[in-house]
Amino acid sequence: MPPNLFLPLFLCIVFVSLARSTAQRGSGGTVVTELWCVAKNNAEDAALQGALDWACGQGGADCGPIQQGGPCYDPTDIQKTASYAFNNYYLKNGMTDDACSFSDNAALTSLNPSYGNCKFPSSKTVNNASISEPTGTVGVGPDSADLSASHCVAQSWLSPLILALFLSFIL
């Protein structure tokens with residue numbers, strides 16, 4: 001192999017290996033993504049309050065943590081408060097798209113909405129097809145970063161790099 005091809009090939013192998021090893025893996029090597037149901041940023045406060053009241057009342061969500069004295073109590077932020085209730089309802093009611101609608105005031109996200117002492121439980125999905133298990137408290141820090149799409153980044157760089165290697169080899 002010509003020496004000018006060694007470095008790009010080596011970098012490609014390292015990048016793909018790192019990207020694949022940092023993504024969370026389930027059984028059989030499938031990529032696992034955690035999801036949370038949260039209030040939409042553009043939802044009106046009145047609509048969020050109505051949906052929050054329903055979720056904590058008739059909806060049966062456990063709203064203890066967002067009550068005064070709870071770790072998620074924040075009377076000044078309806079987004080955070082509604083998000084906690086929406087997520088709890090979503091986890092208790094089948095983790096379906098319908099369970100995270102709240103009249104189109106909520107959406108699923110893979111970004112952990114936990115803050116301070118307020119930890120949002122998550123769902124885990126496998127390959128966006130089937131939902132396996134809800135999790136408890138999620139950690140904060142580099143280990144809890146959402147790297148589930150890193151393999152896609154690796155694959156998007158892999159094809160052009162292989163093509164470049166091939167062309168430089170035959171030229």
# chains A, B, ... in the order shown; residues from 1 in each chain; ligands from 1
$ residues_around --residues "Ala61 in chain A" --least-positions-apart "3" --cutoff "8 Å" --atoms "only C-alpha atoms" --output "PyMOL selection string"
chain A and resi 55-57+85-86+88-89+92
$ write_last_selection --atoms "all heavy atoms" --output "mmCIF file, in the first residue's frame"
data_model
loop_
_atom_site.group_PDB
_atom_site.id
_atom_site.type_symbol
_atom_site.label_atom_id
_atom_site.label_comp_id
_atom_site.auth_asym_id
_atom_site.auth_seq_id
_atom_site.Cartn_x
_atom_site.Cartn_y
_atom_site.Cartn_z
ATOM 1 N N ALA A 55 -53.459 16.505 32.877
ATOM 2 C CA ALA A 55 -52.515 15.404 33.104
ATOM 3 C C ALA A 55 -52.433 15.044 34.584
ATOM 4 O O ALA A 55 -52.428 13.864 34.949
ATOM 5 C CB ALA A 55 -51.126 15.781 32.571
ATOM 6 N N CYS A 56 -52.387 16.060 35.446
ATOM 7 C CA CYS A 56 -52.264 15.814 36.890
ATOM 8 C C CYS A 56 -53.587 15.412 37.530
ATOM 9 O O CYS A 56 -53.605 14.856 38.624
ATOM 10 C CB CYS A 56 -51.701 17.052 37.583
ATOM 11 S SG CYS A 56 -49.985 17.399 37.163
ATOM 12 N N GLY A 57 -54.691 15.670 36.848
ATOM 13 C CA GLY A 57 -56.009 15.311 37.372
ATOM 14 C C GLY A 57 -56.518 14.051 36.721
ATOM 15 O O GLY A 57 -56.100 12.945 37.048
ATOM 16 N N ALA A 85 -44.945 16.666 33.954
ATOM 17 C CA ALA A 85 -46.242 15.973 33.980
ATOM 18 C C ALA A 85 -46.496 15.238 32.671
ATOM 19 O O ALA A 85 -46.958 14.092 32.674
ATOM 20 C CB ALA A 85 -47.361 16.981 34.253
ATOM 21 N N PHE A 86 -46.190 15.866 31.540
ATOM 22 C CA PHE A 86 -46.395 15.241 30.238
ATOM 23 C C PHE A 86 -45.558 13.963 30.131
ATOM 24 O O PHE A 86 -46.020 12.934 29.650
ATOM 25 C CB PHE A 86 -46.011 16.188 29.096
ATOM 26 C CG PHE A 86 -46.897 17.399 28.948
ATOM 27 C CD1 PHE A 86 -46.578 18.385 28.032
ATOM 28 C CD2 PHE A 86 -48.048 17.584 29.716
ATOM 29 C CE1 PHE A 86 -47.371 19.505 27.865
ATOM 30 C CE2 PHE A 86 -48.857 18.707 29.569
ATOM 31 C CZ PHE A 86 -48.509 19.668 28.628
ATOM 32 N N ASN A 88 -44.392 12.077 32.548
ATOM 33 C CA ASN A 88 -44.899 11.044 33.445
ATOM 34 C C ASN A 88 -46.121 10.373 32.830
ATOM 35 O O ASN A 88 -46.248 9.151 32.841
ATOM 36 C CB ASN A 88 -45.221 11.641 34.814
ATOM 37 C CG ASN A 88 -45.617 10.577 35.801
ATOM 38 O OD1 ASN A 88 -46.789 10.202 35.880
ATOM 39 N ND2 ASN A 88 -44.637 10.070 36.547
ATOM 40 N N TYR A 89 -47.020 11.157 32.278
ATOM 41 C CA TYR A 89 -48.211 10.607 31.623
ATOM 42 C C TYR A 89 -47.804 9.710 30.451
ATOM 43 O O TYR A 89 -48.331 8.614 30.282
ATOM 44 C CB TYR A 89 -49.119 11.744 31.134
ATOM 45 C CG TYR A 89 -50.343 11.240 30.411
ATOM 46 C CD1 TYR A 89 -51.493 10.894 31.112
ATOM 47 C CD2 TYR A 89 -50.338 11.095 29.025
ATOM 48 C CE1 TYR A 89 -52.615 10.408 30.448
ATOM 49 C CE2 TYR A 89 -51.455 10.606 28.358
ATOM 50 C CZ TYR A 89 -52.590 10.267 29.068
ATOM 51 O OH TYR A 89 -53.688 9.778 28.418
ATOM 52 N N LYS A 92 -46.545 6.350 31.589
ATOM 53 C CA LYS A 92 -47.593 5.511 32.184
ATOM 54 C C LYS A 92 -48.653 5.058 31.188
ATOM 55 O O LYS A 92 -49.444 4.187 31.501
ATOM 56 C CB LYS A 92 -48.297 6.282 33.311
ATOM 57 C CG LYS A 92 -47.466 6.447 34.550
ATOM 58 C CD LYS A 92 -48.281 7.146 35.616
ATOM 59 C CE LYS A 92 -47.577 7.080 36.951
ATOM 60 N NZ LYS A 92 -48.409 7.633 38.021
#
$ residues_around --residues "Trp36 in chain A" --least-positions-apart "6" --cutoff "10 Å" --atoms "only C-alpha atoms" --output "VMD selection string"
chain A and resid 83 to 84 86 to 88 90 to 91 95 100 107 to 114 120 to 124
$ write_last_selection --atoms "N, CA, C and O atoms" --output "short mmCIF file (atom, residue, chain, number, x, y, z; two decimals), in the first residue's frame"
data_model
loop_
_atom_site.label_atom_id
_atom_site.label_comp_id
_atom_site.auth_asym_id
_atom_site.auth_seq_id
_atom_site.Cartn_x
_atom_site.Cartn_y
_atom_site.Cartn_z
N SER A 83 -43.71 19.89 31.28
CA SER A 83 -42.88 18.82 30.70
C SER A 83 -42.78 17.64 31.64
O SER A 83 -42.87 16.48 31.20
N TYR A 84 -42.62 17.89 32.93
CA TYR A 84 -42.51 16.78 33.87
C TYR A 84 -43.82 15.97 33.89
O TYR A 84 -43.80 14.74 33.81
N PHE A 86 -46.19 15.87 31.54
CA PHE A 86 -46.40 15.24 30.24
C PHE A 86 -45.56 13.96 30.13
O PHE A 86 -46.02 12.93 29.65
N ASN A 87 -44.31 14.04 30.56
CA ASN A 87 -43.42 12.89 30.48
C ASN A 87 -43.92 11.74 31.35
O ASN A 87 -43.91 10.58 30.95
N ASN A 88 -44.39 12.08 32.55
CA ASN A 88 -44.90 11.04 33.44
C ASN A 88 -46.12 10.37 32.83
O ASN A 88 -46.25 9.15 32.84
N TYR A 90 -46.88 10.17 29.65
CA TYR A 90 -46.40 9.43 28.49
C TYR A 90 -45.86 8.06 28.90
O TYR A 90 -46.18 7.04 28.29
N LEU A 91 -45.04 8.03 29.95
CA LEU A 91 -44.45 6.76 30.41
C LEU A 91 -45.52 5.80 30.95
O LEU A 91 -45.41 4.60 30.78
N MET A 95 -46.40 4.96 26.04
CA MET A 95 -45.30 5.59 25.30
C MET A 95 -45.58 5.64 23.80
O MET A 95 -44.74 5.32 22.98
N CYS A 100 -48.22 11.51 23.92
CA CYS A 100 -47.38 12.71 24.01
C CYS A 100 -47.88 13.75 23.02
O CYS A 100 -47.12 14.30 22.23
N ALA A 107 -44.10 17.25 22.55
CA ALA A 107 -43.38 16.51 21.53
C ALA A 107 -42.32 15.63 22.19
O ALA A 107 -41.90 15.90 23.32
N LEU A 108 -41.90 14.59 21.47
CA LEU A 108 -40.84 13.72 21.96
C LEU A 108 -39.48 14.33 21.64
O LEU A 108 -39.31 14.97 20.60
N THR A 109 -38.54 14.13 22.54
CA THR A 109 -37.17 14.61 22.32
C THR A 109 -36.19 13.57 22.83
O THR A 109 -36.50 12.78 23.72
N SER A 110 -35.00 13.59 22.26
CA SER A 110 -33.93 12.73 22.76
C SER A 110 -32.96 13.53 23.62
O SER A 110 -31.96 13.00 24.07
N LEU A 111 -33.27 14.80 23.85
CA LEU A 111 -32.45 15.64 24.73
C LEU A 111 -33.00 15.56 26.15
O LEU A 111 -34.17 15.86 26.38
N ASN A 112 -32.17 15.17 27.06
CA ASN A 112 -32.59 14.98 28.45
C ASN A 112 -33.03 16.31 29.06
O ASN A 112 -32.22 17.23 29.18
N PRO A 113 -34.30 16.44 29.48
CA PRO A 113 -34.78 17.70 30.06
C PRO A 113 -34.49 17.85 31.55
O PRO A 113 -34.88 18.84 32.15
N SER A 114 -33.83 16.88 32.16
CA SER A 114 -33.53 16.95 33.60
C SER A 114 -32.71 18.20 33.90
O SER A 114 -31.92 18.67 33.08
N PHE A 120 -35.81 13.54 35.11
CA PHE A 120 -36.91 13.01 34.31
C PHE A 120 -36.61 11.57 33.93
O PHE A 120 -35.60 11.31 33.28
N PRO A 121 -37.48 10.62 34.30
CA PRO A 121 -37.31 9.25 33.80
C PRO A 121 -37.48 9.26 32.28
O PRO A 121 -38.14 10.14 31.74
N SER A 122 -36.87 8.30 31.61
CA SER A 122 -36.99 8.24 30.15
C SER A 122 -37.53 6.90 29.70
O SER A 122 -37.60 5.95 30.47
N SER A 123 -37.89 6.86 28.44
CA SER A 123 -38.19 5.59 27.80
C SER A 123 -36.91 5.21 27.07
O SER A 123 -36.05 6.03 26.85
N LYS A 124 -36.83 3.98 26.69
CA LYS A 124 -35.73 3.56 25.81
C LYS A 124 -36.38 2.96 24.59
O LYS A 124 -37.29 2.16 24.69
#
$ closest_residue --among "A:Tyr73, A:Asp53, A:Leu48, A:Gly59" --to "Ala99 in chain A" --atoms "only C-alpha atoms"
A:Gly59
$ closest_residue --among "A:Gln68, A:Asn117, A:Gln58, A:Ser101" --to "Ala43 in chain A" --atoms "only C-alpha atoms"
A:Ser101
$ atom_distance --atom1 "CA of Pro71 in chain A" --atom2 "CA of Val32 in chain A"
27.6 Å
